[in-house]
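Source file: target_5.txt (compact mmCIF, C-alpha atoms)
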# COMPACT_ATOMS: atom_id res chain seq x y z
CA MET A 1 -30.22 23.90 24.45
CA SER A 2 -26.83 25.56 24.43
CA ASP A 3 -25.56 23.31 27.25
CA ASN A 4 -26.75 20.19 25.40
CA HIS A 5 -25.00 21.33 22.24
CA THR A 6 -21.80 21.99 24.22
CA ASN A 7 -22.01 18.58 25.89
CA GLN A 8 -22.55 16.84 22.55
CA HIS A 9 -19.58 18.67 21.03
CA SER A 10 -17.43 17.80 24.06
CA GLY A 11 -18.52 14.14 23.83
CA LYS A 12 -17.64 13.94 20.13
CA ALA A 13 -14.25 15.54 20.76
CA GLN A 14 -13.51 13.07 23.56
CA ALA A 15 -14.57 10.12 21.38
CA GLY A 16 -12.34 11.44 18.60
CA GLU A 17 -9.36 11.70 20.95
CA GLU A 18 -9.98 8.16 22.23
CA MET A 19 -10.08 6.78 18.67
CA LEU A 20 -6.90 8.69 17.81
CA ALA A 21 -5.17 7.29 20.89
CA MET A 22 -6.31 3.77 19.99
CA VAL A 23 -4.89 4.06 16.45
CA ARG A 24 -1.60 5.42 17.79
CA GLU A 25 -1.37 2.72 20.48
CA THR A 26 -2.02 -0.03 17.91
CA GLN A 27 0.77 1.30 15.71
CA ASP A 28 3.24 1.71 18.61
CA SER A 29 2.58 -1.83 19.86
CA LEU A 30 3.11 -3.28 16.38
CA LYS A 31 6.34 -1.35 15.82
CA ALA A 32 7.69 -2.44 19.21
CA GLU A 33 7.21 -6.11 18.26
CA ILE A 34 8.67 -5.60 14.76
CA ASN A 35 11.76 -3.89 16.23
CA LYS A 36 12.53 -7.05 18.20
CA VAL A 37 13.48 -8.68 14.88
CA ILE A 38 14.05 -5.90 12.33
CA VAL A 39 16.83 -3.34 12.80
CA GLY A 40 16.08 0.14 11.43
CA GLN A 41 13.93 0.44 8.27
CA GLU A 42 11.53 2.70 10.19
CA GLU A 43 10.28 4.50 7.08
CA VAL A 44 9.65 1.17 5.35
CA VAL A 45 7.69 -0.15 8.35
CA ASP A 46 5.66 3.08 8.54
CA GLN A 47 4.72 2.86 4.85
CA ILE A 48 3.68 -0.80 5.14
CA LEU A 49 1.46 0.02 8.13
CA ILE A 50 -0.07 2.93 6.18
CA ALA A 51 -0.98 0.48 3.38
CA ILE A 52 -2.40 -2.10 5.81
CA PHE A 53 -4.53 0.40 7.74
CA SER A 54 -5.76 1.95 4.46
CA ARG A 55 -6.96 -1.45 3.19
CA GLY A 56 -4.31 -1.27 0.48
CA HIS A 57 -1.57 -3.52 -0.89
CA ALA A 58 2.15 -2.74 -0.95
CA MET A 59 5.04 -3.70 -3.20
CA LEU A 60 8.50 -3.84 -1.59
CA VAL A 61 11.38 -3.27 -4.01
CA GLY A 62 15.00 -3.84 -3.00
CA VAL A 63 18.10 -5.87 -3.69
CA PRO A 64 18.44 -9.35 -2.12
CA GLY A 65 19.48 -9.64 1.52
CA LEU A 66 17.64 -6.61 2.90
CA ALA A 67 15.23 -8.72 5.00
CA LYS A 68 12.12 -7.87 2.96
CA THR A 69 10.63 -11.33 3.47
CA LEU A 70 11.61 -11.39 7.15
CA LEU A 71 10.00 -7.98 7.68
CA ILE A 72 6.69 -9.09 6.15
CA SER A 73 6.59 -12.38 8.06
CA THR A 74 7.40 -10.51 11.32
CA ILE A 75 4.50 -8.10 10.72
CA ALA A 76 2.25 -11.11 10.14
CA GLN A 77 3.45 -12.73 13.38
CA ALA A 78 2.66 -9.55 15.35
CA MET A 79 -0.89 -9.72 14.04
CA ASP A 80 -3.20 -12.53 15.06
CA LEU A 81 -4.01 -13.24 11.41
CA LYS A 82 -3.66 -16.08 8.93
CA PHE A 83 -0.38 -15.72 7.02
CA SER A 84 0.27 -17.24 3.59
CA ARG A 85 3.46 -17.16 1.56
CA ILE A 86 3.49 -17.71 -2.20
CA GLN A 87 6.90 -18.19 -3.80
CA PHE A 88 6.45 -17.03 -7.38
CA THR A 89 8.26 -19.17 -9.97
CA PRO A 90 8.04 -19.46 -13.79
CA ASP A 91 6.02 -22.71 -13.57
CA LEU A 92 3.45 -21.40 -11.03
CA MET A 93 -0.13 -21.79 -12.29
CA PRO A 94 -3.15 -19.58 -11.41
CA SER A 95 -4.80 -22.52 -9.60
CA ASP A 96 -1.68 -22.83 -7.39
CA ILE A 97 -2.67 -19.41 -6.00
CA THR A 98 -6.46 -19.37 -6.03
CA GLY A 99 -7.18 -23.04 -5.37
CA THR A 100 -8.81 -25.80 -7.38
CA GLU A 101 -11.80 -28.14 -7.44
CA VAL A 102 -11.20 -31.82 -6.68
CA ILE A 103 -13.51 -34.79 -7.16
CA GLU A 104 -14.55 -36.37 -3.89
CA GLU A 105 -16.29 -39.74 -3.62
CA ASP A 106 -18.57 -40.74 -0.78
CA LYS A 107 -17.47 -44.32 0.04
CA ALA A 108 -20.85 -45.22 1.51
CA THR A 109 -22.97 -44.16 -1.47
CA GLY A 110 -20.42 -44.01 -4.27
CA HIS A 111 -21.68 -40.50 -5.06
CA ARG A 112 -19.07 -38.14 -6.51
CA SER A 113 -19.03 -34.38 -6.01
CA LEU A 114 -16.70 -31.45 -6.57
CA ARG A 115 -15.08 -29.85 -3.54
CA PHE A 116 -13.18 -26.56 -3.67
CA VAL A 117 -9.75 -26.66 -2.03
CA LYS A 118 -8.67 -23.12 -1.13
CA GLY A 119 -5.29 -21.88 -2.34
CA PRO A 120 -2.78 -19.78 -0.36
CA VAL A 121 -4.46 -16.52 -1.44
CA PHE A 122 -7.12 -17.31 1.20
CA GLY A 123 -5.11 -15.69 3.96
CA ASN A 124 -5.25 -12.34 5.75
CA VAL A 125 -1.63 -11.42 5.09
CA VAL A 126 -0.38 -12.82 1.78
CA LEU A 127 3.33 -12.56 0.97
CA ALA A 128 3.81 -12.64 -2.81
CA ASP A 129 7.53 -13.33 -2.92
CA GLU A 130 9.28 -12.17 -6.14
CA ILE A 131 6.00 -11.57 -7.95
CA ASN A 132 7.84 -10.67 -11.16
CA ARG A 133 9.21 -14.23 -11.51
CA THR A 134 5.93 -15.69 -12.76
CA PRO A 135 4.21 -15.30 -16.17
CA PRO A 136 1.48 -12.65 -16.74
CA LYS A 137 -1.38 -15.20 -16.58
CA THR A 138 -0.50 -16.15 -13.01
CA GLN A 139 0.24 -12.54 -12.05
CA ALA A 140 -3.22 -11.61 -13.33
CA ALA A 141 -4.89 -14.24 -11.12
CA MET A 142 -3.17 -12.74 -8.08
CA LEU A 143 -3.94 -9.17 -9.03
CA GLU A 144 -7.61 -9.98 -9.73
CA ALA A 145 -7.90 -11.37 -6.20
CA MET A 146 -6.28 -8.18 -4.87
CA GLN A 147 -8.73 -5.94 -6.71
CA GLU A 148 -11.97 -7.90 -6.30
CA ARG A 149 -11.13 -9.52 -2.94
CA GLN A 150 -12.65 -12.72 -4.30
CA VAL A 151 -11.81 -15.52 -6.73
CA THR A 152 -14.07 -17.28 -9.22
CA ILE A 153 -13.62 -21.03 -9.70
CA GLY A 154 -15.95 -23.05 -11.91
CA GLY A 155 -18.36 -20.13 -12.15
CA GLU A 156 -18.67 -19.87 -8.36
CA GLN A 157 -17.38 -16.85 -6.44
CA HIS A 158 -15.40 -17.35 -3.24
CA THR A 159 -14.92 -14.32 -0.99
CA LEU A 160 -11.47 -13.78 0.51
CA PRO A 161 -11.14 -13.32 4.29
CA SER A 162 -11.18 -9.89 5.89
CA PRO A 163 -8.89 -8.10 6.51
CA PHE A 164 -6.97 -9.02 3.35
CA PHE A 165 -3.80 -7.43 2.07
CA VAL A 166 -0.98 -8.49 -0.22
CA LEU A 167 2.62 -7.55 0.50
CA ALA A 168 4.68 -8.35 -2.59
CA THR A 169 8.45 -8.29 -3.06
CA GLN A 170 10.38 -7.59 -6.22
CA ASN A 171 14.08 -7.74 -6.96
CA PRO A 172 15.10 -4.86 -9.27
CA LEU A 173 18.49 -6.31 -10.20
CA GLU A 174 17.98 -9.70 -11.85
CA GLN A 175 15.97 -9.09 -15.01
CA GLU A 176 16.75 -12.41 -16.70
CA GLY A 177 13.86 -14.84 -16.35
CA THR A 178 11.49 -12.20 -14.97
CA TYR A 179 8.13 -10.93 -16.19
CA PRO A 180 7.86 -7.26 -15.15
CA LEU A 181 4.38 -6.24 -14.06
CA PRO A 182 2.59 -3.99 -16.59
CA GLU A 183 1.71 -0.49 -15.39
CA ALA A 184 -2.01 -1.35 -15.21
CA GLN A 185 -1.23 -4.20 -12.81
CA LEU A 186 1.27 -2.18 -10.76
CA ASP A 187 -1.54 0.36 -10.28
CA ARG A 188 -3.32 -2.23 -8.09
CA PHE A 189 -0.66 -1.67 -5.42
CA MET A 190 -1.45 1.33 -3.27
CA LEU A 191 2.22 1.91 -2.40
CA GLN A 192 5.58 0.94 -3.83
CA VAL A 193 8.06 0.90 -0.93
CA MET A 194 11.78 1.18 -1.69
CA VAL A 195 13.92 -0.83 0.74
CA GLY A 196 17.43 0.57 0.96
CA TYR A 197 20.68 -0.54 2.58
CA PRO A 198 20.97 -0.16 6.37
CA SER A 199 23.27 2.44 7.90
CA GLU A 200 26.67 1.34 9.21
CA GLN A 201 25.41 1.32 12.81
CA GLU A 202 22.27 -0.64 11.83
CA GLU A 203 24.31 -3.21 9.91
CA LEU A 204 26.58 -3.64 12.92
CA GLU A 205 23.52 -4.30 15.09
CA VAL A 206 22.26 -6.88 12.56
CA MET A 207 25.64 -8.68 12.85
CA ARG A 208 25.45 -8.59 16.65
CA ARG A 209 21.96 -10.09 16.66
CA SER A 210 22.77 -12.79 14.10
CA SER A 211 25.84 -13.88 16.07
CA THR A 212 23.79 -14.57 19.21
CA LYS A 213 21.81 -17.77 19.40
CA GLY A 214 18.13 -18.06 20.14
CA GLU A 215 14.88 -17.28 18.34
CA VAL A 216 13.18 -13.97 19.12
CA GLU A 217 9.61 -14.46 20.26
CA VAL A 218 7.19 -12.07 18.54
CA SER A 219 3.92 -11.64 20.43
CA ARG A 220 0.55 -11.54 18.67
CA ILE A 221 -0.79 -8.23 19.89
CA VAL A 222 -3.35 -7.12 17.27
CA ASN A 223 -6.29 -9.16 16.04
CA ALA A 224 -8.51 -8.90 12.95
CA GLN A 225 -11.24 -6.92 14.77
CA GLN A 226 -8.75 -4.29 15.98
CA ILE A 227 -7.23 -3.88 12.51
CA GLU A 228 -10.68 -3.53 10.91
CA GLN A 229 -11.61 -0.98 13.55
CA VAL A 230 -8.53 1.12 12.72
CA GLN A 231 -9.32 0.75 9.01
CA ARG A 232 -12.86 2.07 9.60
CA ILE A 233 -11.57 5.04 11.62
CA ILE A 234 -9.15 5.96 8.84
CA GLN A 235 -11.76 5.39 6.13
CA HIS A 236 -14.15 7.87 7.77
CA ALA A 237 -11.58 10.49 8.77
CA PRO A 238 -12.66 13.91 7.40
CA VAL A 239 -10.56 15.67 4.76
CA SER A 240 -10.93 19.35 3.92
CA ASP A 241 -11.61 20.44 0.37
CA HIS A 242 -8.27 22.24 -0.12
CA VAL A 243 -6.38 19.02 0.76
CA LEU A 244 -8.48 17.06 -1.76
CA ARG A 245 -7.72 19.71 -4.39
CA TYR A 246 -3.98 19.58 -3.67
CA ALA A 247 -3.88 15.77 -4.01
CA LEU A 248 -5.84 16.06 -7.25
CA ARG A 249 -3.45 18.71 -8.65
CA LEU A 250 -0.46 16.58 -7.69
CA ALA A 251 -1.81 13.49 -9.47
CA ARG A 252 -2.99 15.42 -12.54
CA SER A 253 0.35 17.24 -12.81
CA THR A 254 1.98 13.91 -13.82
CA ARG A 255 -0.10 13.80 -17.03
CA ALA A 256 1.82 15.48 -19.85
CA HIS A 257 -1.24 16.06 -22.06
CA GLU A 258 -3.63 17.16 -19.29
CA SER A 259 -3.13 20.91 -19.75
CA GLU A 260 -0.61 23.54 -20.80
CA GLN A 261 0.30 24.21 -17.17
CA VAL A 262 2.07 20.92 -16.43
CA PRO A 263 5.68 21.31 -15.23
CA GLU A 264 8.41 21.15 -17.85
CA ILE A 265 9.93 18.01 -16.32
CA VAL A 266 6.66 16.17 -16.99
CA ARG A 267 6.51 17.18 -20.66
CA ASP A 268 10.16 16.20 -21.13
CA TYR A 269 10.33 12.90 -19.26
CA ILE A 270 6.90 11.31 -18.66
CA ALA A 271 5.28 9.07 -21.29
CA TRP A 272 2.23 8.28 -19.19
CA GLY A 273 1.09 9.77 -15.89
CA ALA A 274 -0.77 8.55 -12.82
CA GLY A 275 -4.46 7.65 -13.16
CA PRO A 276 -7.43 8.43 -10.87
CA ARG A 277 -6.51 5.59 -8.52
CA ALA A 278 -3.43 7.64 -7.56
CA SER A 279 -5.61 10.55 -6.35
CA GLU A 280 -7.59 8.18 -4.14
CA ALA A 281 -4.41 6.54 -2.82
CA LEU A 282 -2.90 9.94 -1.96
CA ILE A 283 -5.91 10.79 0.21
CA GLN A 284 -6.23 7.35 1.84
CA GLY A 285 -2.49 7.31 2.56
CA ALA A 286 -2.61 10.87 3.90
CA LYS A 287 -5.47 9.94 6.25
CA ALA A 288 -3.51 6.96 7.62
CA HIS A 289 -0.34 9.04 7.94
CA ALA A 290 -2.12 11.81 9.87
CA LEU A 291 -3.76 9.40 12.30
CA LEU A 292 -0.66 7.25 12.80
CA ILE A 293 1.56 10.23 13.65
CA GLY A 294 -1.07 11.26 16.18
CA SER A 295 -2.21 14.61 14.78
CA GLY A 296 -5.55 13.42 13.43
CA ILE A 297 -5.68 16.42 11.09
CA VAL A 298 -5.30 15.44 7.45
CA GLY A 299 -3.27 18.25 5.94
CA ILE A 300 -1.20 18.89 2.84
CA ASP A 301 1.93 17.72 4.71
CA SER A 302 0.42 14.22 5.02
CA VAL A 303 -0.30 14.12 1.27
CA ARG A 304 3.32 15.14 0.59
CA ALA A 305 4.56 12.47 3.02
CA VAL A 306 2.99 9.65 0.97
CA ALA A 307 3.55 11.16 -2.50
CA HIS A 308 6.66 9.14 -3.39
CA PRO A 309 5.37 5.62 -2.56
CA VAL A 310 1.98 6.42 -4.15
CA LEU A 311 3.25 7.96 -7.40
CA ARG A 312 6.63 6.38 -8.20
CA HIS A 313 5.22 3.18 -9.73
CA ARG A 314 2.40 4.99 -11.52
CA ILE A 315 4.70 7.23 -13.56
CA LEU A 316 5.94 5.74 -16.84
CA THR A 317 9.08 7.56 -17.94
CA ASN A 318 10.16 7.87 -21.58
CA PHE A 319 13.45 7.24 -23.38
CA ASN A 320 14.70 10.78 -22.62
CA ALA A 321 14.39 10.09 -18.89
CA GLN A 322 16.40 6.88 -19.20
CA ALA A 323 19.07 8.66 -21.27
CA ASP A 324 19.32 11.52 -18.74
CA GLN A 325 19.06 9.12 -15.76
CA ILE A 326 15.91 10.81 -14.46
CA THR A 327 14.00 8.56 -12.04
CA PRO A 328 10.31 8.76 -11.05
CA ASP A 329 11.40 9.83 -7.55
CA MET A 330 13.29 12.81 -9.03
CA ILE A 331 10.16 13.78 -10.95
CA VAL A 332 8.01 13.55 -7.78
CA ASP A 333 10.58 15.73 -5.94
CA GLN A 334 10.23 18.37 -8.66
CA LEU A 335 6.42 18.18 -8.61
CA LEU A 336 6.35 18.63 -4.83
CA SER A 337 8.36 21.84 -5.23
CA GLU A 338 6.31 23.18 -8.18
CA VAL A 339 2.67 22.19 -7.57
CA SER A 340 0.79 24.96 -5.77
CA GLN A 341 -0.20 24.34 -2.15
CA ASP A 342 -2.75 27.16 -2.18
CA SER A 343 -6.35 26.23 -1.50
CA MET A 344 -7.07 27.38 -5.04
CA SER A 345 -4.81 26.78 -8.02
CA LYS A 346 -4.24 29.42 -10.70
CA ALA A 347 -6.72 27.62 -12.95
CA ASP A 348 -9.35 27.56 -10.18
CA LYS A 349 -8.83 31.29 -9.46
CA SER A 350 -9.09 32.10 -13.16
CA LEU A 351 -12.39 30.22 -13.44
CA THR A 352 -13.75 31.91 -10.30
CA GLN A 353 -12.78 35.39 -11.51
CA ARG A 354 -14.42 34.73 -14.87
CA ALA A 355 -17.61 33.58 -13.11
CA ILE A 356 -17.65 36.73 -10.97
CA ARG A 357 -17.16 39.00 -13.99
CA SER A 358 -19.96 37.30 -15.92
Have the structure of the file written as structure tokens, please.
Amino acid sequence: MSDNHTNQHSGKAQAGEEMLAMVRETQDSLKAEINKVIVGQEEVVDQILIAIFSRGHAMLVGVPGLAKTLLISTIAQAMDLKFSRIQFTPDLMPSDITGTEVIEEDKATGHRSLRFVKGPVFGNVVLADEINRTPPKTQAAMLEAMQERQVTIGGEQHTLPSPFFVLATQNPLEQEGTYPLPEAQLDRFMLQVMVGYPSEQEELEVMRRSSTKGEVEVSRIVNAQQIEQVQRIIQHAPVSDHVLRYALRLARSTRAHESEQVPEIVRDYIAWGAGPRASEALIQGAKAHALLIGSGIVGIDSVRAVAHPVLRHRILTNFNAQADQITPDMIVDQLLSEVSQDSMSKADKSLTQRAIRS
């Protein structure tokens, strides 16, 4: 009985190590292909892969010329998946994204019928380029597809392919002629990834590569089944209760009216904090982070590693923050230094002590 139990435990451990190795190998192979085209931006690539393997969507924010579009299309090339690009413009209609019904006539019988022509959202990897350049009605059609993973045309539901993820880009500089996404719609994105300028050495390498002729061939090394397998592994990865509690405290600490114990920076500078979707995203992102770095143990460090991309777009700052030039990232920095990492917060301990006394 004891030997059987030991063998079962050993078998589970070996299976766990094999799954962990498979996740790590998938990531390493993808990054090797991406690095053939993209110089640097390792943190950006890591965050995009975390979103993909967590079945989430990501928003890339950066000034023009930082290869955001090239990065997304390269990731799509490295995956054996259907890639669609939607260039968002002020005159884009919802049907241009979701698809439309057309009348088709059978020449033999003269019978007419409606046929649904799928729009570009029916891809596995959908690049929503400059999503803030289109009116709210069209944005909503895109974001509904992201949330429901289906579209409804003429009362009929059409399921989107699996895997399905949207990688959107947004230019933070040009505000004229843009339609900024409301906070409720931004919340649909699991991560907001900030794309910064390359280092001097990286920019020099970009110049070297662009001055040499010839297209770089990116191999398709990961298929839909492999990606879905990694997604399932991450989805079912165990998380201890104290890590769940820490992620919850971190998300709830952004809400100024949640309790008297919120940090001072929150009361002073936040108009509206992160909702429950942020707590879920912190845990899903932490799971992916832990498995992709190879540890397999989802700890508080993994939650902290994804805190900025998960929370920055879910925090609505007030006028005082704008006047004092306080950014959401600065607020997240402060929260990471102030929110307790203990398995039990002060409030939890207080409740427990009261229960014991009673």
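The nearest approach to Ser295 (chain A) among the residues A:Arg314, A:Arg85, A:Ala237, A:Asp268, with all atoms listed in the file taken into account, belongs to A:Ala237.
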Between A:Thr254, A:Thr69, A:Gln139, A:Ser84, single out the one closest to Asn171 (chain A), counting all atoms listed in the file.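 Smallest separation from Asn171 (chain A) among the options: A:Thr69.
Here CA of Glu148 (chain A) is placed at a distance of 13.9 Å from CA of Asp187 (chain A).
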Considering only C-alpha atoms, state which residue in the set A:Arg255, A:Arg249, A:Arg24, A:Arg188 is at the smallest distance from Ala281 (chain A).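 Checking each candidate against Ala281 (chain A), we get A:Arg188 as the closest.
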Using only C-alpha atoms, which of A:Gln284, A:Thr74, A:Asn320, A:Thr152 sits nearest Val39 (chain A)? A:Thr74
Between CA of Pro180 (chain A) and CA of Tyr197 (chain A), what is the distance, to one decimal in Å?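 CA of Tyr197 (chain A) lies at a distance of 22.9 Å from CA of Pro180 (chain A).
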How would region 81-125 of chain A of the given structure read as a file with C-alpha atoms, as a short mmCIF file (atom, residue, chain, number, x, y, z; two decimals), in the first residue's frame?
data_model
loop_
_atom_site.label_atom_id
_atom_site.label_comp_id
_atom_site.auth_asym_id
_atom_site.auth_seq_id
_atom_site.Cartn_x
_atom_site.Cartn_y
_atom_site.Cartn_z
CA LEU A 81 -2.38 29.98 -36.50
CA LYS A 82 -4.66 32.13 -38.61
CA PHE A 83 -3.59 35.78 -38.35
CA SER A 84 -5.89 38.74 -39.01
CA ARG A 85 -5.06 42.42 -38.98
CA ILE A 86 -7.70 45.11 -38.52
CA GLN A 87 -6.59 48.68 -39.16
CA PHE A 88 -8.92 50.80 -37.05
CA THR A 89 -10.07 54.03 -38.73
CA PRO A 90 -12.85 56.57 -37.96
CA ASP A 91 -15.08 55.17 -40.75
CA LEU A 92 -14.74 51.49 -39.70
CA MET A 93 -18.13 49.85 -39.11
CA PRO A 94 -18.91 46.95 -36.71
CA SER A 95 -19.75 44.69 -39.67
CA ASP A 96 -16.25 45.37 -41.10
CA ILE A 97 -14.94 43.49 -38.05
CA THR A 98 -17.53 40.81 -37.33
CA GLY A 99 -18.72 40.06 -40.85
CA THR A 100 -22.02 40.47 -42.65
CA GLU A 101 -24.82 38.52 -44.33
CA VAL A 102 -25.05 38.64 -48.12
CA ILE A 103 -27.86 37.51 -50.40
CA GLU A 104 -26.88 34.57 -52.57
CA GLU A 105 -28.94 33.35 -55.53
CA ASP A 106 -28.91 29.79 -56.81
CA LYS A 107 -28.73 30.21 -60.61
CA ALA A 108 -30.33 26.84 -61.25
CA THR A 109 -33.42 27.34 -59.09
CA GLY A 110 -33.50 31.11 -58.67
CA HIS A 111 -33.80 30.56 -54.91
CA ARG A 112 -32.25 33.29 -52.76
CA SER A 113 -30.73 32.75 -49.33
CA LEU A 114 -28.60 34.63 -46.82
CA ARG A 115 -24.99 33.56 -46.38
CA PHE A 116 -22.76 34.80 -43.56
CA VAL A 117 -19.37 36.11 -44.70
CA LYS A 118 -16.94 36.03 -41.77
CA GLY A 119 -15.06 39.21 -40.88
CA PRO A 120 -11.39 39.48 -39.85
CA VAL A 121 -12.23 38.86 -36.18
CA PHE A 122 -12.54 35.16 -37.14
CA GLY A 123 -8.83 34.56 -36.68
CA ASN A 124 -6.70 33.01 -33.95
CA VAL A 125 -4.39 35.99 -33.55
#
